[in-house]
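Asker: So that we are looking at the same thing, I have put the structure below in structure tokens.
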Amino acid sequence: MFRNYYIKALEDYRKARRKAAIDELLARISGTPQKSDLLSYEEVRQQLQAIEKSPQRLEEITLDAIVGSVGRYHDFTRKYLPKSAIDEKRWARVMATSQGLSGLPPIEVYQIGKVYFVKDGNHRVSVARQMGNKTIQAFVTAVETKVDLAPDVTPDDLIIKSELVNFLDKTNLDKLKPGADLTATKPGAYPTLLEHIAVHRYFMGVEQEREIPFQEASVHWFEEIFQPTVNIINKRGLLDDFPDRTVTDLYLWAADHRAALADQLGWDIGTEAAISDLSEKHGQRSQSILNKLRQLISWLMPDSLESGPPPGTWRNKLARMTVLQHLFNDLIIALDDSDNAWHALEMGIQLSHLENSRLHGLHIHPEQEGDDPGDHSELQEPFYQRCQQAGIPQFDFKIVAGEVGKILCDQARFADLILLPLNHPPGDKAITRLSSGLITIIRNCPVPILSVPSPPTGIHSILLAFDGSIKSWEAMYIATYFGSQYGSKLAVLTSSDGLTNPEEIQREAEEYLSQFPITTDFLLREDPVATAIADLKHEREIDLVMIGGYGGNVLRDVVLGSKVDEVLREIQLPILICR
């Protein structure tokens, strides 16, 4: 009887060897040969700083949870198929013996997390799996470690787990912040986190003028840097956009993206803006076919005929912010060698004093072969001098070569307001409007634009041109903000020119503004809006005009002209154009 079992077992061995050869070949073809290998217990134990503490206990364990061996991890595949090093006669004897009444004796294993490593009984495991068994009896020695392992663990996973053990050993965050999710999916994540903490620790020491213990710095970093970033990630639903990533992965990605954008822009955009840009560029929604089709249409459409971002885009961005103290935190001032450029800077300085804004000077010149950006640096020194003299705490200056409109609108995604010197207002003919760079910028810029054609006088008195359109409501919100925050007086002008029910529009404005303690006049005129503003300029003090941007019909505005064009041509006052 045993002889028959033995002959059958030899055939089973050869079948198992063929399966092992096929599995190894497929693993090499797929480029993942390590996934078919058993893990070395000793290497894993050292990497995870595991400690053998618990006494042996006899229990039934799942064969699929065995992922490694103490000494014979080179002799079997991950599925415990025998490799060429295994003696077929010994394997066949174990198989033949298992057919008797006694079956397979218990094996001995080490347990780390949810997985097992065979200490004694590798042949028995191989035979049991070949027989189709799901479980096997084992004497189990539990091994303690700071991290857990799952049956699908890979060599890369072990690298990550090893790095996590080292991270927790140095930070003690598993005990100091129990329940914190610090899971990462890429090797190198935890050494990078340790670098972040080390930098944070350095600045803590400088600020507090003492040596900061690493674990104290770790807790402070977690509470002040990591967790607030995770809160933003969760609020934005970024895990839905990146379902294969963890919050720790996204924290590191956002930090890298923020640094890359800072290098590109010349100024730090902040964590929220970096996360928002990540979501827009790389999230699942940005990769949809419909969104890609929109991008293609936008690429094919001439810039002057694009309708630009939807109304309220900028205000919606602000509404998603977790912390918002001011409307205008980052101002871009487009600088050239005109007097109006310095008027725009002066307006930016005045706003910065109110809003504690960061000023970003930007000079864009046409890209020409052999052109040296240093040739335009004469703008940088006076920019720095004026900002320093005005006591502006945060400012920077950058020179960029390329198309003015595209660069300005792209960088505007990370700002709250663009200040432009109004050197060339839109013309009164269709051909000049079609080629107007200013019109293109106003249409495509995602944030409000403040055009400055003359020296500014502040924001004490604001004239709001209100026609009930969506974009004029956007102007209303900003005017209300200035009135509420800084006591600006507000005059609301509604021109009946082209409107069917101007009185009703004025009543809507009055009803809205009645909620706020703002000194307000309501003015109804029959003249076109540009003429009415010009007349009011002679009648009263006006520091700033606010208007809504272009309407939805781009071709009509290009062919027939727009009220926005008329105001920009005829009014020599700072004009805030809202989206």
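Ordered as shown in the structure tokens, chains take letters A, B, and onward, while each chain numbers its residues from 1 and ligands are numbered from 1 in the order shown.
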From a DSSP calculation on the backbone, collect every residue of region 448-520 of chain A in strand (DSSP E or B) and output the set as a list in words.
Answerer: Ile449, Leu450, Ser451, Val452, Ser461, Ile462, Leu463, Leu464, Ala465, Lys489, Leu490, Ala491, Val492, Leu493, Thr494, Ser495 and Thr520 of chain A
Asker: Could you write out the selected residues, including C-alpha atoms, as a compact mmCIF listing (two decimals), in the first residue's frame?
Answerer:
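Contents of again.txt, freshly written:
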# COMPACT_ATOMS: atom_id res chain seq x y z
CA ILE A 449 -8.56 92.00 -11.91
CA LEU A 450 -7.82 95.51 -10.68
CA SER A 451 -6.79 97.81 -13.54
CA VAL A 452 -4.97 100.96 -12.48
CA SER A 461 -15.37 105.60 -1.45
CA ILE A 462 -16.46 102.81 -3.81
CA LEU A 463 -18.77 103.09 -6.81
CA LEU A 464 -20.40 99.77 -7.72
CA ALA A 465 -21.92 99.48 -11.21
CA LYS A 489 -18.69 104.20 1.65
CA LEU A 490 -20.62 102.54 -1.14
CA ALA A 491 -22.60 104.05 -4.00
CA VAL A 492 -24.60 101.54 -6.06
CA LEU A 493 -25.17 102.75 -9.62
CA THR A 494 -27.73 101.08 -11.89
CA SER A 495 -27.94 102.34 -15.47
CA THR A 520 -24.76 103.30 1.01
Asker: Just how far from CA of Ser36 (chain A) is CA of His74 (chain A), in Å to one decimal?
Answerer: 10.7 Å
Asker: Could you pull the residues within 12 Å of Pro455 (chain A), counting only C-alpha atoms, minus those fewer than 4 positions along the same chain, as a ChimeraX atom specification?
Answerer: /A:339-348,350,421-422,451,543-544,572-574
Asker: Would you list the contacts of Ser40 (chain A) as a list in words, taking every protein, DNA or RNA residue within 7 Å and counting only C-alpha atoms, but skipping same-chain residues closer than 4 positions in sequence?
Answerer: Val44, Gly68, Ser69, Val70 and Tyr73 of chain A
Asker: Write out as a count of residues only all residues of region 467-533 of chain A that DSSP puts in helix (DSSP H, G or I) for this structure's backbone.
Answerer: 34
Asker: Grab the CA of Val143 (chain A) to CA of Lys186 (chain A) distance for me, in Å with one decimal place.
Answerer: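 Straight-line distance from CA of Val143 (chain A) to CA of Lys186 (chain A) works out to 24.9 Å.
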Asker: Using only C-alpha atoms, which residues sit within 8 Å of region 526-530 of chain A once same-chain residues fewer than 2 positions away are excluded, as a PyMOL selection string?
Answerer: chain A and resi 465+494-497+524+532-534+563+566-567+570-571
Asker: Which residues are close to region 194-211 of chain A, i.e. within 10 Å by only C-alpha atoms, leaving aside same-chain residues fewer than 2 positions away? Reply as a VMD selection string.
Answerer: chain A and resid 166 to 168 170 to 171 189 to 192 213 to 222 224 to 226 252 255
Asker: Choose the residue, out of A:Gln394, A:Ser276, A:Asn423, A:Gln49, that has the smallest atom-to-atom separation from Ser338 (chain A); count only C-alpha atoms.
Answerer: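 Result for the nearest residue to Ser338 (chain A): A:Asn423.
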Asker: Give me, as a short mmCIF file (atom, residue, chain, number, x, y, z; two decimals) with C-alpha atoms, in the first residue's frame, all polymer residues having an atom no more than 8 Å from region 51-53 of chain A, counting only C-alpha atoms and skipping those fewer than 3 positions away in the same chain.
Answerer:
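Printed below is out11.cif as written:
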data_model
loop_
_atom_site.label_atom_id
_atom_site.label_comp_id
_atom_site.auth_asym_id
_atom_site.auth_seq_id
_atom_site.Cartn_x
_atom_site.Cartn_y
_atom_site.Cartn_z
CA ARG A 45 12.54 39.92 12.02
CA THR A 141 5.29 31.22 18.51
CA ALA A 142 4.00 34.80 18.39
CA VAL A 143 6.57 37.49 17.60
CA GLU A 144 5.91 41.07 18.74
CA THR A 145 6.56 44.10 16.52
#
Asker: For CA of Ile61 (chain A) and CA of Ala16 (chain A), determine how far apart the two atoms are, in Å to one decimal place.
Answerer: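 CA of Ile61 (chain A) sits 22.2 Å away from CA of Ala16 (chain A).
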